[in-house]
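Next comes entry-v6.cif, with mmCIF, C-alpha atoms and all ligand atoms.
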```
data_run
#
loop_
_atom_site.label_atom_id
_atom_site.label_comp_id
_atom_site.auth_asym_id
_atom_site.auth_seq_id
_atom_site.Cartn_x
_atom_site.Cartn_y
_atom_site.Cartn_z
CA MET U 196 -9.22 -18.19 0.56
CA ASN U 197 -10.91 -20.83 -1.53
CA GLU U 198 -13.76 -21.84 0.68
CA ARG U 199 -17.00 -20.51 -0.65
CA VAL U 200 -19.46 -18.60 1.48
CA PHE U 201 -23.08 -17.91 0.63
CA SER U 202 -25.65 -15.91 2.50
CA GLY U 203 -29.09 -14.56 1.70
CA ILE U 204 -30.34 -11.11 2.58
CA GLN U 205 -34.05 -10.41 2.85
CA PRO U 206 -35.03 -7.15 1.11
CA THR U 207 -36.86 -5.97 4.21
CA GLY U 208 -37.04 -2.29 3.25
CA LEU U 209 -35.63 -0.96 6.48
CA ILE U 210 -32.43 -1.87 8.25
CA HIS U 211 -31.96 -0.97 11.90
CA VAL U 212 -28.91 -0.97 14.17
CA GLY U 213 -29.87 -4.40 15.49
CA ASN U 214 -29.55 -5.86 11.96
CA TYR U 215 -26.39 -3.89 11.37
CA LEU U 216 -24.68 -5.06 14.54
CA GLY U 217 -25.76 -8.64 13.88
CA ALA U 218 -25.58 -10.00 10.37
CA ILE U 219 -24.24 -7.15 8.26
CA ARG U 220 -21.08 -6.56 10.24
CA SER U 221 -20.25 -10.28 10.11
CA TRP U 222 -20.62 -10.34 6.33
CA VAL U 223 -18.26 -7.42 6.08
CA ASP U 224 -15.64 -9.49 7.94
CA VAL U 225 -16.37 -12.63 5.94
CA GLN U 226 -15.75 -11.01 2.54
CA GLU U 227 -12.11 -10.48 3.55
CA GLY U 228 -11.30 -14.14 3.94
CA TYR U 229 -13.58 -16.12 1.64
CA GLU U 230 -14.96 -16.25 -1.87
CA SER U 231 -18.30 -14.74 -0.90
CA TYR U 232 -21.73 -14.55 -2.51
CA PHE U 233 -24.39 -12.32 -0.98
CA CYS U 234 -27.78 -12.69 -2.53
CA ILE U 235 -30.80 -10.42 -2.13
CA VAL U 236 -33.49 -13.07 -1.85
CA ASP U 237 -36.50 -11.53 -3.54
CA TYR U 238 -38.07 -14.91 -4.32
CA HIS U 239 -38.10 -15.64 -0.60
CA ALA U 240 -39.63 -12.23 0.10
CA ILE U 241 -42.74 -12.98 -1.98
CA THR U 242 -43.71 -15.97 0.16
CA ILE U 243 -45.46 -13.60 2.56
CA HIS U 244 -47.90 -10.84 1.77
CA TYR U 245 -46.14 -7.90 0.05
CA ASP U 246 -46.78 -4.85 -2.09
CA PRO U 247 -45.46 -5.25 -5.67
CA ALA U 248 -45.27 -1.46 -5.95
CA ASP U 249 -42.37 -1.18 -3.53
CA MET U 250 -40.46 -4.41 -4.11
CA LYS U 251 -38.00 -2.79 -6.52
CA ASP U 252 -37.16 -0.07 -3.99
CA ARG U 253 -36.75 -2.62 -1.23
CA ILE U 254 -34.26 -4.54 -3.34
CA LEU U 255 -32.26 -1.44 -4.26
CA ASP U 256 -32.33 -0.33 -0.65
CA ALA U 257 -30.97 -3.68 0.50
CA VAL U 258 -28.12 -3.38 -1.99
CA ALA U 259 -27.38 0.26 -1.10
CA SER U 260 -27.56 -0.28 2.67
CA ASN U 261 -25.35 -3.32 2.64
CA ILE U 262 -22.74 -1.60 0.49
CA ALA U 263 -22.94 1.52 2.65
CA ALA U 264 -22.38 -0.66 5.71
CA GLY U 265 -19.25 -2.17 4.23
CA LEU U 266 -19.93 -4.89 1.66
CA ASP U 267 -17.50 -4.24 -1.15
CA PRO U 268 -18.48 -5.36 -4.66
CA GLU U 269 -14.76 -5.66 -5.43
CA LYS U 270 -14.39 -8.27 -2.71
CA CYS U 271 -17.65 -10.22 -2.92
CA SER U 272 -20.48 -10.85 -5.35
CA ILE U 273 -23.73 -9.08 -4.57
CA PHE U 274 -26.69 -10.08 -6.71
CA VAL U 275 -30.44 -10.54 -6.83
CA GLN U 276 -31.87 -14.06 -6.61
CA SER U 277 -34.44 -13.62 -9.40
CA HIS U 278 -31.66 -12.56 -11.81
CA VAL U 279 -30.21 -16.07 -11.64
CA PRO U 280 -32.94 -18.46 -12.81
CA GLU U 281 -30.91 -21.51 -11.79
CA HIS U 282 -32.04 -20.90 -8.17
CA THR U 283 -35.61 -21.89 -8.97
CA GLU U 284 -34.49 -24.59 -11.36
CA LEU U 285 -32.42 -26.36 -8.70
CA CYS U 286 -35.19 -25.68 -6.21
CA TRP U 287 -37.58 -27.84 -8.24
CA LEU U 288 -35.11 -30.72 -8.44
CA LEU U 289 -34.56 -30.56 -4.68
CA THR U 290 -38.31 -30.27 -4.09
CA CYS U 291 -38.62 -33.75 -5.55
CA LEU U 292 -36.17 -35.03 -2.92
CA THR U 293 -37.73 -33.32 0.09
CA PRO U 294 -40.05 -35.20 2.43
CA LEU U 295 -43.18 -33.15 3.09
CA GLY U 296 -42.94 -33.79 6.82
CA ASN U 297 -39.59 -31.98 7.06
CA LEU U 298 -41.25 -28.83 5.75
CA GLN U 299 -44.41 -29.01 7.80
CA ARG U 300 -42.51 -29.12 11.08
CA MET U 301 -40.29 -26.10 10.39
CA THR U 302 -40.64 -23.60 13.22
CA GLN U 303 -40.53 -20.57 10.93
CA PHE U 304 -43.15 -22.05 8.61
CA LYS U 305 -45.50 -22.63 11.53
CA GLU U 306 -44.92 -19.13 12.87
CA LYS U 307 -45.40 -17.38 9.55
CA ALA U 308 -48.42 -19.51 8.69
CA SER U 309 -50.08 -18.65 11.99
CA ARG U 310 -49.50 -14.94 11.32
CA GLN U 311 -51.31 -15.08 7.96
CA PRO U 312 -53.63 -18.11 8.11
CA GLU U 313 -55.62 -16.86 5.11
CA HIS U 314 -52.57 -17.06 2.86
CA VAL U 315 -50.49 -20.16 3.54
CA SER U 316 -49.04 -20.91 0.12
CA ALA U 317 -47.00 -23.87 -1.04
CA GLY U 318 -44.27 -21.26 -1.58
CA LEU U 319 -44.21 -20.47 2.13
CA MET U 320 -43.83 -24.13 2.92
CA ASN U 321 -41.17 -24.68 0.26
CA TYR U 322 -39.19 -21.65 1.39
CA PRO U 323 -36.46 -23.78 3.04
CA ILE U 324 -35.96 -25.80 -0.17
CA LEU U 325 -35.32 -22.60 -2.11
CA GLN U 326 -32.84 -21.66 0.61
CA ALA U 327 -31.09 -25.02 0.21
CA ALA U 328 -30.99 -24.47 -3.56
CA ASP U 329 -29.40 -21.02 -3.01
CA ILE U 330 -26.59 -22.55 -1.03
CA LEU U 331 -26.02 -25.80 -2.94
CA LEU U 332 -26.06 -24.06 -6.32
CA TYR U 333 -22.72 -22.49 -5.39
CA LYS U 334 -21.48 -25.57 -3.51
CA ALA U 335 -20.94 -23.20 -0.61
CA SER U 336 -19.43 -24.85 2.44
CA ILE U 337 -19.97 -22.01 4.88
CA VAL U 338 -23.18 -20.09 5.51
CA PRO U 339 -23.15 -17.12 7.88
CA VAL U 340 -26.58 -17.00 9.52
CA GLY U 341 -28.30 -16.16 12.76
CA GLU U 342 -29.50 -18.83 15.12
CA ASP U 343 -33.04 -18.60 13.75
CA GLN U 344 -31.79 -20.12 10.48
CA LEU U 345 -30.17 -23.26 11.91
CA GLN U 346 -33.18 -25.43 11.22
CA HIS U 347 -33.25 -24.32 7.59
CA LEU U 348 -29.53 -25.00 7.29
CA GLU U 349 -30.08 -28.48 8.67
CA LEU U 350 -32.46 -29.16 5.78
CA SER U 351 -29.78 -27.97 3.33
CA ARG U 352 -27.43 -30.57 4.79
CA VAL U 353 -30.08 -33.29 4.68
CA LEU U 354 -30.74 -32.51 1.01
CA ALA U 355 -27.02 -32.40 0.14
CA ARG U 356 -26.55 -35.82 1.76
CA LYS U 357 -29.62 -37.25 0.11
CA PHE U 358 -28.59 -35.99 -3.31
CA ASN U 359 -25.03 -37.30 -2.90
CA HIS U 360 -26.29 -40.65 -1.70
CA THR U 361 -28.83 -41.03 -4.48
CA PHE U 362 -27.00 -39.53 -7.46
CA GLY U 363 -23.30 -39.52 -6.48
CA GLN U 364 -21.06 -37.13 -4.57
CA THR U 365 -21.89 -33.61 -5.78
CA PHE U 366 -22.42 -31.17 -2.92
CA PRO U 367 -20.41 -30.33 0.19
CA GLU U 368 -22.57 -30.29 3.34
CA PRO U 369 -22.88 -26.60 4.15
CA GLN U 370 -21.93 -25.60 7.69
CA PRO U 371 -23.48 -22.67 9.50
CA MET U 372 -21.19 -19.89 10.68
CA LEU U 373 -23.15 -18.42 13.55
CA VAL U 374 -23.05 -14.68 13.27
CA GLN U 375 -22.65 -12.91 16.54
CA GLN U 376 -26.15 -11.72 17.20
CA ALA U 377 -26.12 -8.68 19.36
CA LYS U 378 -29.53 -8.85 20.94
CA ILE U 379 -30.51 -5.24 20.79
CA MET U 380 -33.79 -4.58 22.54
CA ALA U 381 -36.60 -2.17 21.65
CA LEU U 382 -35.71 1.31 22.90
CA ASN U 383 -39.26 2.03 24.02
CA ASP U 384 -39.98 -1.46 25.36
CA PRO U 385 -36.72 -3.15 26.39
CA GLU U 386 -38.36 -6.50 27.15
CA LYS U 387 -38.90 -6.97 23.41
CA LYS U 388 -36.40 -7.22 20.56
CA MET U 389 -35.69 -4.14 18.45
CA SER U 390 -37.88 -4.54 15.38
CA LYS U 391 -38.98 -2.53 12.40
CA SER U 392 -42.54 -3.50 13.15
CA LEU U 393 -42.42 -1.72 16.54
CA PRO U 394 -42.44 2.05 15.89
CA GLY U 395 -40.13 3.91 18.25
CA SER U 396 -38.20 0.73 19.03
CA TYR U 397 -35.42 1.10 16.52
CA ILE U 398 -32.77 3.36 15.05
CA ALA U 399 -32.70 2.88 11.28
CA LEU U 400 -29.50 3.19 9.27
CA SER U 401 -31.29 6.00 7.45
CA ASP U 402 -32.21 8.03 10.58
CA GLU U 403 -30.97 11.62 10.67
CA PRO U 404 -28.93 12.71 13.72
CA GLU U 405 -31.88 14.58 15.23
CA GLU U 406 -34.10 11.52 14.97
CA ILE U 407 -31.42 9.39 16.60
CA ARG U 408 -31.06 11.85 19.47
CA ALA U 409 -34.82 12.09 19.97
CA LYS U 410 -35.31 8.31 19.97
CA ILE U 411 -32.49 7.77 22.47
CA ARG U 412 -33.82 10.57 24.67
CA ARG U 413 -37.16 8.78 24.81
CA ALA U 414 -35.61 5.37 25.47
CA VAL U 415 -36.97 3.57 28.55
CA THR U 416 -34.37 3.22 31.33
CA ASP U 417 -35.22 2.31 34.93
CA THR U 418 -38.82 1.63 35.69
CA GLY U 419 -38.33 1.63 39.44
CA PRO U 420 -35.71 2.75 41.94
CA SER U 421 -34.20 -0.75 42.40
CA HIS U 422 -30.50 -0.78 41.66
CA GLU U 423 -29.91 -4.44 42.49
CA VAL U 424 -30.06 -5.66 38.90
CA MET U 425 -29.45 -3.41 35.95
CA ALA U 426 -32.79 -2.58 34.30
CA PRO U 427 -33.11 -4.01 30.78
CA GLY U 428 -33.38 -0.55 29.21
CA VAL U 429 -30.16 0.61 30.86
CA LYS U 430 -28.42 -2.62 29.90
CA ASN U 431 -29.54 -2.10 26.33
CA LEU U 432 -28.10 1.41 26.23
CA PHE U 433 -24.79 0.14 27.60
CA MET U 434 -24.80 -2.60 24.99
CA LEU U 435 -25.29 -0.10 22.17
CA LEU U 436 -22.48 1.95 23.62
CA GLU U 437 -20.08 -0.91 24.01
CA LEU U 438 -20.49 -2.57 20.66
CA GLU U 439 -16.97 -1.75 19.65
CA ALA U 440 -17.74 0.58 16.78
CA PHE U 441 -19.97 2.83 18.76
CA ALA U 442 -17.98 4.50 21.53
CA PRO U 443 -14.44 5.08 22.74
CA GLY U 444 -13.43 2.84 25.64
CA ASP U 445 -12.68 5.60 28.14
CA ILE U 446 -16.21 7.01 27.92
CA VAL U 447 -17.64 3.54 28.45
CA ARG U 448 -15.38 2.93 31.47
CA TYR U 449 -16.34 6.27 32.98
CA LEU U 450 -20.08 5.62 32.57
CA ARG U 451 -19.82 2.06 33.89
CA GLY U 452 -17.93 3.33 36.92
CA ALA U 453 -20.52 6.02 37.51
CA TYR U 454 -23.28 3.41 37.29
CA GLU U 455 -21.55 1.17 39.82
CA ARG U 456 -21.02 4.04 42.21
CA ARG U 457 -24.64 5.00 41.69
CA TYR U 458 -24.16 8.53 40.52
CA LEU U 459 -24.77 7.92 36.83
CA LYS U 460 -27.29 10.30 35.34
CA TYR U 461 -29.25 8.53 32.62
CA SER U 462 -29.29 11.76 30.63
CA GLU U 463 -25.51 11.51 30.52
CA LEU U 464 -25.60 7.89 29.38
CA LYS U 465 -28.18 8.74 26.72
CA HIS U 466 -26.13 11.62 25.46
CA ALA U 467 -23.10 9.37 25.06
CA VAL U 468 -25.13 6.66 23.28
CA ALA U 469 -26.77 9.13 20.91
CA GLU U 470 -23.52 10.86 19.98
CA ALA U 471 -21.70 7.56 19.46
CA LEU U 472 -24.50 6.33 17.20
CA VAL U 473 -24.64 9.59 15.26
CA GLU U 474 -20.92 9.46 14.70
CA SER U 475 -20.73 5.88 13.49
CA LEU U 476 -23.96 5.89 11.47
CA THR U 477 -23.41 9.20 9.68
CA PRO U 478 -20.99 7.85 7.06
CA ILE U 479 -23.28 4.88 6.44
CA ARG U 480 -26.35 7.07 6.07
CA GLU U 481 -24.59 9.42 3.67
CA ARG U 482 -23.13 6.66 1.56
CA ARG U 483 -26.51 4.96 1.38
CA ARG U 484 -28.15 8.18 0.25
CA GLU U 485 -25.50 8.76 -2.42
CA LEU U 486 -25.95 5.25 -3.74
CA LEU U 487 -29.73 5.48 -3.82
CA ALA U 488 -29.46 8.71 -5.79
CA ARG U 489 -27.64 6.77 -8.52
CA PRO U 490 -29.69 3.62 -9.00
CA HIS U 491 -27.92 2.80 -12.26
CA ILE U 492 -24.69 2.19 -10.30
CA LEU U 493 -26.53 -0.23 -8.03
CA GLU U 494 -28.02 -1.92 -11.06
CA GLU U 495 -24.58 -2.34 -12.60
CA ILE U 496 -23.25 -3.82 -9.38
CA VAL U 497 -25.96 -6.46 -9.20
CA ALA U 498 -25.71 -7.17 -12.93
CA GLU U 499 -22.00 -7.84 -12.52
CA GLY U 500 -22.74 -9.97 -9.43
CA ALA U 501 -25.33 -12.01 -11.31
CA LYS U 502 -22.90 -12.60 -14.15
CA LYS U 503 -20.32 -14.09 -11.80
CA ALA U 504 -22.99 -16.08 -9.98
CA ARG U 505 -24.47 -17.48 -13.19
CA THR U 506 -21.17 -18.91 -14.36
CA ILE U 507 -21.03 -21.14 -11.30
CA ALA U 508 -24.78 -21.74 -11.23
CA HIS U 509 -24.72 -22.95 -14.81
CA GLU U 510 -21.84 -25.38 -14.18
CA THR U 511 -23.62 -26.83 -11.17
CA MET U 512 -26.86 -27.28 -13.09
CA VAL U 513 -25.12 -29.12 -15.94
CA GLU U 514 -23.56 -31.47 -13.42
CA VAL U 515 -26.76 -31.92 -11.42
CA LYS U 516 -28.91 -32.64 -14.46
CA GLU U 517 -26.41 -35.09 -15.77
CA ARG U 518 -26.30 -36.95 -12.45
CA MET U 519 -30.08 -37.02 -12.32
CA GLY U 520 -30.26 -38.53 -15.77
CA LEU U 521 -31.84 -35.46 -17.36
CA VAL U 522 -29.18 -34.42 -19.85
CA SER U 523 -25.88 -35.80 -20.88
CA ARG U 524 -22.82 -33.64 -20.61
CA HIS U 525 -21.23 -35.40 -23.60
CA LYS U 526 -24.09 -35.13 -26.04
CA ARG U 527 -21.88 -34.86 -29.08
CA ALA U 528 -19.74 -37.92 -28.36
N1 LIG L 1 -33.97 -17.33 5.23
C1 LIG L 1 -32.89 -16.38 5.42
C2 LIG L 1 -33.33 -15.32 6.41
O1 LIG L 1 -34.50 -15.08 6.57
C3 LIG L 1 -32.50 -15.71 4.13
C4 LIG L 1 -31.86 -16.67 3.18
C5 LIG L 1 -32.37 -17.09 1.98
C6 LIG L 1 -30.61 -17.31 3.33
N2 LIG L 1 -31.51 -17.94 1.37
C7 LIG L 1 -30.43 -18.10 2.15
C8 LIG L 1 -29.63 -17.29 4.33
C9 LIG L 1 -29.29 -18.88 1.99
C10 LIG L 1 -28.51 -18.06 4.15
C11 LIG L 1 -28.33 -18.86 2.99
O2 LIG L 1 -32.50 -14.68 7.01
#
```
In structure tokens, what does this structure look like?
Amino acid sequence: MNERVFSGIQPTGLIHVGNYLGAIRSWVDVQEGYESYFCIVDYHAITIHYDPADMKDRILDAVASNIAAGLDPEKCSIFVQSHVPEHTELCWLLTCLTPLGNLQRMTQFKEKASRQPEHVSAGLMNYPILQAADILLYKASIVPVGEDQLQHLELSRVLARKFNHTFGQTFPEPQPMLVQQAKIMALNDPEKKMSKSLPGSYIALSDEPEEIRAKIRRAVTDTGPSHEVMAPGVKNLFMLLELEAFAPGDIVRYLRGAYERRYLKYSELKHAVAEALVESLTPIRERRRELLARPHILEEIVAEGAKKARTIAHETMVEVKERMGLVSRHKRA
């Protein structure tokens, strides 16, 4: 129960079933067994182009959606990165330990930089140091992340080792806990991943039942008559259906059997997928809406989360500064 878990959540503004079935559901499991900190990483979000006018809503939405999907503020701490100034403070100290080359060869840095070549800031490059600071500030030993974050996690370990070696044992080396990433494909283009930047590709947690039904009805299935390999669109629909929460086993078995015996009507499969999604997403959508209607409750939750986080963050900073020769813990002696 004592191991500490930290993970960061981007305030993306829209959460789709792919995100839900990947990261969010793993966090919901994690909070049961660990001392968990879930941080809405707004300082990371400003490293790419964004609109200041909707940042506040994106943050509240991230809090509301994650709570609606099962994060329980009684069981874990949910807070906003910019409410705990120690994140950027530790980030600076770690920046001074980070070799430039390690940052320049980060895959995500190169990808994001190539997408916005006119705006490659030092913040974008230093993004992984801030991430390391997030984790090390809480001396977290376990970090639930998707595969795309492994390289960033590796830097967190490098920095923990380097700090310990240079200034004395302080940080555990954080280990990734790979979250099961259901690779849900775009409904309208099943060769690509479901993504909020592809309209028509996703079901959002906020979609009303009629929107869900319409999007599933339009989902691409077979493109040709070949039945030798299951077409990616059909496979995707089965995957949505089978992800435990979404449909009762007997329906899945019946549809699978029908597919194998080649009498499955795709309209029947789509109907089952849509109804299963409607049923499991309805409580999440309603809870999210209720929460967003009462922003002061969300604000209290993150204020409480930040309070708990700051207690630990402050202790770590006192220790870190002392080890680095910046302040003495025993000033009065
Ligand atoms: N970079 C992570 C992502 O895009 C978000 C993140 C920020 C994070 N800080 C973190 C994840 C610390 C884990 C731990 O998903």
*Would you work out the distance separating atom CA of U:Lys387 from atom CA of U:Asn431, expressed in Å to one decimal?*
10.9 Å
*Please give me, as a PyMOL selection string, the residues lying within 7 Å of ligand LIG 1 (chain L) when counting all atoms listed in the file.*
chain U and resi 201-205+236+239+325-327+329-330+338-340+344
Could the residues in this selection be saved with C-alpha atoms as a compact mmCIF listing (two decimals), keeping the file's coordinate frame?
```
# COMPACT_ATOMS: atom_id res chain seq x y z
CA PHE U 201 -23.08 -17.91 0.63
CA SER U 202 -25.65 -15.91 2.50
CA GLY U 203 -29.09 -14.56 1.70
CA ILE U 204 -30.34 -11.11 2.58
CA GLN U 205 -34.05 -10.41 2.85
CA VAL U 236 -33.49 -13.07 -1.85
CA HIS U 239 -38.10 -15.64 -0.60
CA LEU U 325 -35.32 -22.60 -2.11
CA GLN U 326 -32.84 -21.66 0.61
CA ALA U 327 -31.09 -25.02 0.21
CA ASP U 329 -29.40 -21.02 -3.01
CA ILE U 330 -26.59 -22.55 -1.03
CA VAL U 338 -23.18 -20.09 5.51
CA PRO U 339 -23.15 -17.12 7.88
CA VAL U 340 -26.58 -17.00 9.52
CA GLN U 344 -31.79 -20.12 10.48
```
_Proximity to U:Glu406 - best of U:Leu472, U:Pro443, U:Glu281, U:Arg448, all atoms listed in the file_ =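 Looking only at the distances to U:Glu406, the closest residue turns out to be U:Leu472.
Omitting U:Ile219 and its sequence neighbours fewer than 6 positions away, and counting only C-alpha atoms, the residues within 10 Å are Ile204, Ile210, Val212, Gly213, Val225, Ser260, Asn261, Ile262, Ala264, Gly265, Leu266 and Val374 of chain U.
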*Do a neighbour search on stretch 305-319 of chain U at 10 Å with all atoms listed in the file, toss out local chain neighbours closer than 6 positions, and write the hits as a ChimeraX atom specification.*
/U:238-244,298-299,325
*Looking at U:Thr365, U:Ser462, U:Ser272, U:Ser396, which one is nearest to U:Val513, with distances taken over only C-alpha atoms?*
U:Thr365
_Just checking: using all atoms listed in the file, which residue out of U:Leu476, U:Leu450, U:Leu345, U:Val429 ends up closest to U:Ile407?_
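When distances to U:Ile407 are compared using all atoms listed in the file, the smallest one comes from U:Leu476.
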*Mind checking which residues fall within 8 Å of U:Ser336, counting all atoms listed in the file, ignoring those fewer than 6 positions away in the same chain, and posting them as a PyMOL selection string?*
chain U and resi 198-200+367-370
Residues within 7 Å of (-36.7, 4.5, 22.4), file coordinates, counting all atoms listed in the file: what are they? Give the list as an mmCIF file with C-alpha atoms, keeping the file's coordinate frame.
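Below is the file result14.cif, written as the result:
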```cif
data_model
loop_
_atom_site.group_PDB
_atom_site.id
_atom_site.type_symbol
_atom_site.label_atom_id
_atom_site.label_comp_id
_atom_site.auth_asym_id
_atom_site.auth_seq_id
_atom_site.Cartn_x
_atom_site.Cartn_y
_atom_site.Cartn_z
ATOM 1 C CA ALA U 381 -36.600 -2.170 21.650
ATOM 2 C CA LEU U 382 -35.710 1.310 22.900
ATOM 3 C CA ASN U 383 -39.260 2.030 24.020
ATOM 4 C CA GLY U 395 -40.130 3.910 18.250
ATOM 5 C CA SER U 396 -38.200 0.730 19.030
ATOM 6 C CA TYR U 397 -35.420 1.100 16.520
ATOM 7 C CA LYS U 410 -35.310 8.310 19.970
ATOM 8 C CA ILE U 411 -32.490 7.770 22.470
ATOM 9 C CA ARG U 413 -37.160 8.780 24.810
ATOM 10 C CA ALA U 414 -35.610 5.370 25.470
ATOM 11 C CA VAL U 415 -36.970 3.570 28.550
#
```
If you take only C-alpha atoms and a cut-off of 12 Å, which residues of stretch 350-419 of chain U touch stretch 483-491 of chain U, and what are their nearest atom pairs and distances in Å to one decimal, in chain and number order, as JSON lines?
```
{"residue": "U:Ala399", "atom": "CA", "partner": "U:Arg483", "partner_atom": "CA", "distance": 11.9}
{"residue": "U:Leu400", "atom": "CA", "partner": "U:Arg483", "partner_atom": "CA", "distance": 8.6}
{"residue": "U:Ser401", "atom": "CA", "partner": "U:Arg483", "partner_atom": "CA", "distance": 7.8}
{"residue": "U:Asp402", "atom": "CA", "partner": "U:Arg484", "partner_atom": "CA", "distance": 11.1}
{"residue": "U:Glu403", "atom": "CA", "partner": "U:Arg484", "partner_atom": "CA", "distance": 11.3}
```
*Please provide as an MDAnalysis selection string all residues within 12 Å of U:Ser475, with the sequence filter that same-chain residues fewer than 2 positions apart are discarded (counting only C-alpha atoms).*
chainID U and resid 212 215:216 263:264 400 404 407 435:436 438:443 468:473 477:481
*Check the smallest atom-to-atom distance from each of U:Met301, U:Met512, U:Ile398, U:Leu432 to U:Thr416 using only C-alpha atoms, then report the winner.*
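Result for the nearest residue to U:Thr416: U:Leu432.
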*Surrounding residues of U:Glu227 excluding itself and chain neighbours under 2 positions, 12 Å, only C-alpha atoms, as a list in words*: Met196, Asn197, Glu198, Arg199, Val200, Arg220, Ser221, Trp222, Val223, Asp224, Val225, Tyr229, Glu230, Ser231, Gly265, Leu266, Asp267, Pro268, Glu269, Lys270 and Cys271 of chain U
Could you save the residues just selected, with C-alpha atoms, as a PDB file, in the frame of the given file?
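The result, written out as selection.pdb:
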```pdb
ATOM      1  CA  MET U 196      -9.220 -18.190   0.560  1.00  0.00           C
ATOM      2  CA  ASN U 197     -10.910 -20.830  -1.530  1.00  0.00           C
ATOM      3  CA  GLU U 198     -13.760 -21.840   0.680  1.00  0.00           C
ATOM      4  CA  ARG U 199     -17.000 -20.510  -0.650  1.00  0.00           C
ATOM      5  CA  VAL U 200     -19.460 -18.600   1.480  1.00  0.00           C
ATOM      6  CA  ARG U 220     -21.080  -6.560  10.240  1.00  0.00           C
ATOM      7  CA  SER U 221     -20.250 -10.280  10.110  1.00  0.00           C
ATOM      8  CA  TRP U 222     -20.620 -10.340   6.330  1.00  0.00           C
ATOM      9  CA  VAL U 223     -18.260  -7.420   6.080  1.00  0.00           C
ATOM     10  CA  ASP U 224     -15.640  -9.490   7.940  1.00  0.00           C
ATOM     11  CA  VAL U 225     -16.370 -12.630   5.940  1.00  0.00           C
ATOM     12  CA  TYR U 229     -13.580 -16.120   1.640  1.00  0.00           C
ATOM     13  CA  GLU U 230     -14.960 -16.250  -1.870  1.00  0.00           C
ATOM     14  CA  SER U 231     -18.300 -14.740  -0.900  1.00  0.00           C
ATOM     15  CA  GLY U 265     -19.250  -2.170   4.230  1.00  0.00           C
ATOM     16  CA  LEU U 266     -19.930  -4.890   1.660  1.00  0.00           C
ATOM     17  CA  ASP U 267     -17.500  -4.240  -1.150  1.00  0.00           C
ATOM     18  CA  PRO U 268     -18.480  -5.360  -4.660  1.00  0.00           C
ATOM     19  CA  GLU U 269     -14.760  -5.660  -5.430  1.00  0.00           C
ATOM     20  CA  LYS U 270     -14.390  -8.270  -2.710  1.00  0.00           C
ATOM     21  CA  CYS U 271     -17.650 -10.220  -2.920  1.00  0.00           C
TER      22      CYS U 271
END
```
*So which one's closest to U:Ile492, U:Asp237, U:Thr506, U:Glu284, U:Leu255? Using all atoms listed in the file, please.*
U:Leu255
*Between U:Pro394, U:Arg505, U:Thr511, U:Leu459, which one has atoms that come closest to U:Ser277, using all atoms listed in the file?*
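Among U:Pro394, U:Arg505, U:Thr511, U:Leu459, it is U:Arg505 that comes nearest to U:Ser277.
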*Measure the distance from atom CA of U:Ala498 to atom CA of U:Arg253 in Å and round it to one decimal.*
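That distance, rounded to one decimal, is 16.7 Å.
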*asked:* Could you tell me how far atom CA of U:Leu393 sits from atom CA of U:Gly428, in Å to one decimal place?
replied: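 Separating atom CA of U:Gly428 from atom CA of U:Leu393 is a distance of 15.6 Å.
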Box time for stretch 429-443 of chain U: axis-aligned, enclosing all its listed atoms, 4 Å extra on each side; report centre and edge lengths in Å to one decimal, as lines of an AutoDock Vina configuration file.
```
center_x = -22.3
center_y = 1.2
center_z = 23.8
size_x = 23.7
size_y = 15.7
size_z = 22.1
```
Determine, for each residue of stretch 350-448 of chain U having at least one atom at most 8 Å from an atom of stretch 288-292 of chain U, the closest pair of atoms and their separation in Å to one decimal, counting only C-alpha atoms; order by chain and ascending number, as a tab-separated table.
```
residue	atom	partner	partner_atom	distance
U:Leu354	CA	U:Leu289	CA	7.1
U:Lys357	CA	U:Leu292	CA	7.6
U:Phe358	CA	U:Leu292	CA	7.7
```
Only N, CA and C atoms, as a CSV table (one decimal), in the first residue's frame: that is what I want for stretch 280-287 of chain U.
```csv
chain,number,residue,atom,x,y,z
U,280,PRO,N,4.0,24.9,-7.1
U,280,PRO,CA,5.2,25.6,-7.7
U,280,PRO,C,6.5,24.8,-7.6
U,281,GLU,N,6.6,23.8,-6.7
U,281,GLU,CA,7.8,23.0,-6.6
U,281,GLU,C,8.1,22.2,-7.9
U,282,HIS,N,7.1,22.0,-8.7
U,282,HIS,CA,7.3,21.2,-9.9
U,282,HIS,C,8.4,22.0,-10.8
U,283,THR,N,8.1,23.3,-11.0
U,283,THR,CA,9.0,24.1,-11.8
U,283,THR,C,10.3,24.4,-11.1
U,284,GLU,N,10.3,24.4,-9.8
U,284,GLU,CA,11.5,24.7,-9.0
U,284,GLU,C,12.5,23.5,-9.2
U,285,LEU,N,11.9,22.3,-9.0
U,285,LEU,CA,12.8,21.1,-9.1
U,285,LEU,C,13.2,20.9,-10.6
U,286,CYS,N,12.3,21.3,-11.5
U,286,CYS,CA,12.6,21.2,-12.9
U,286,CYS,C,13.9,22.0,-13.2
U,287,TRP,N,14.0,23.2,-12.6
U,287,TRP,CA,15.2,24.0,-12.9
U,287,TRP,C,16.5,23.3,-12.4
```
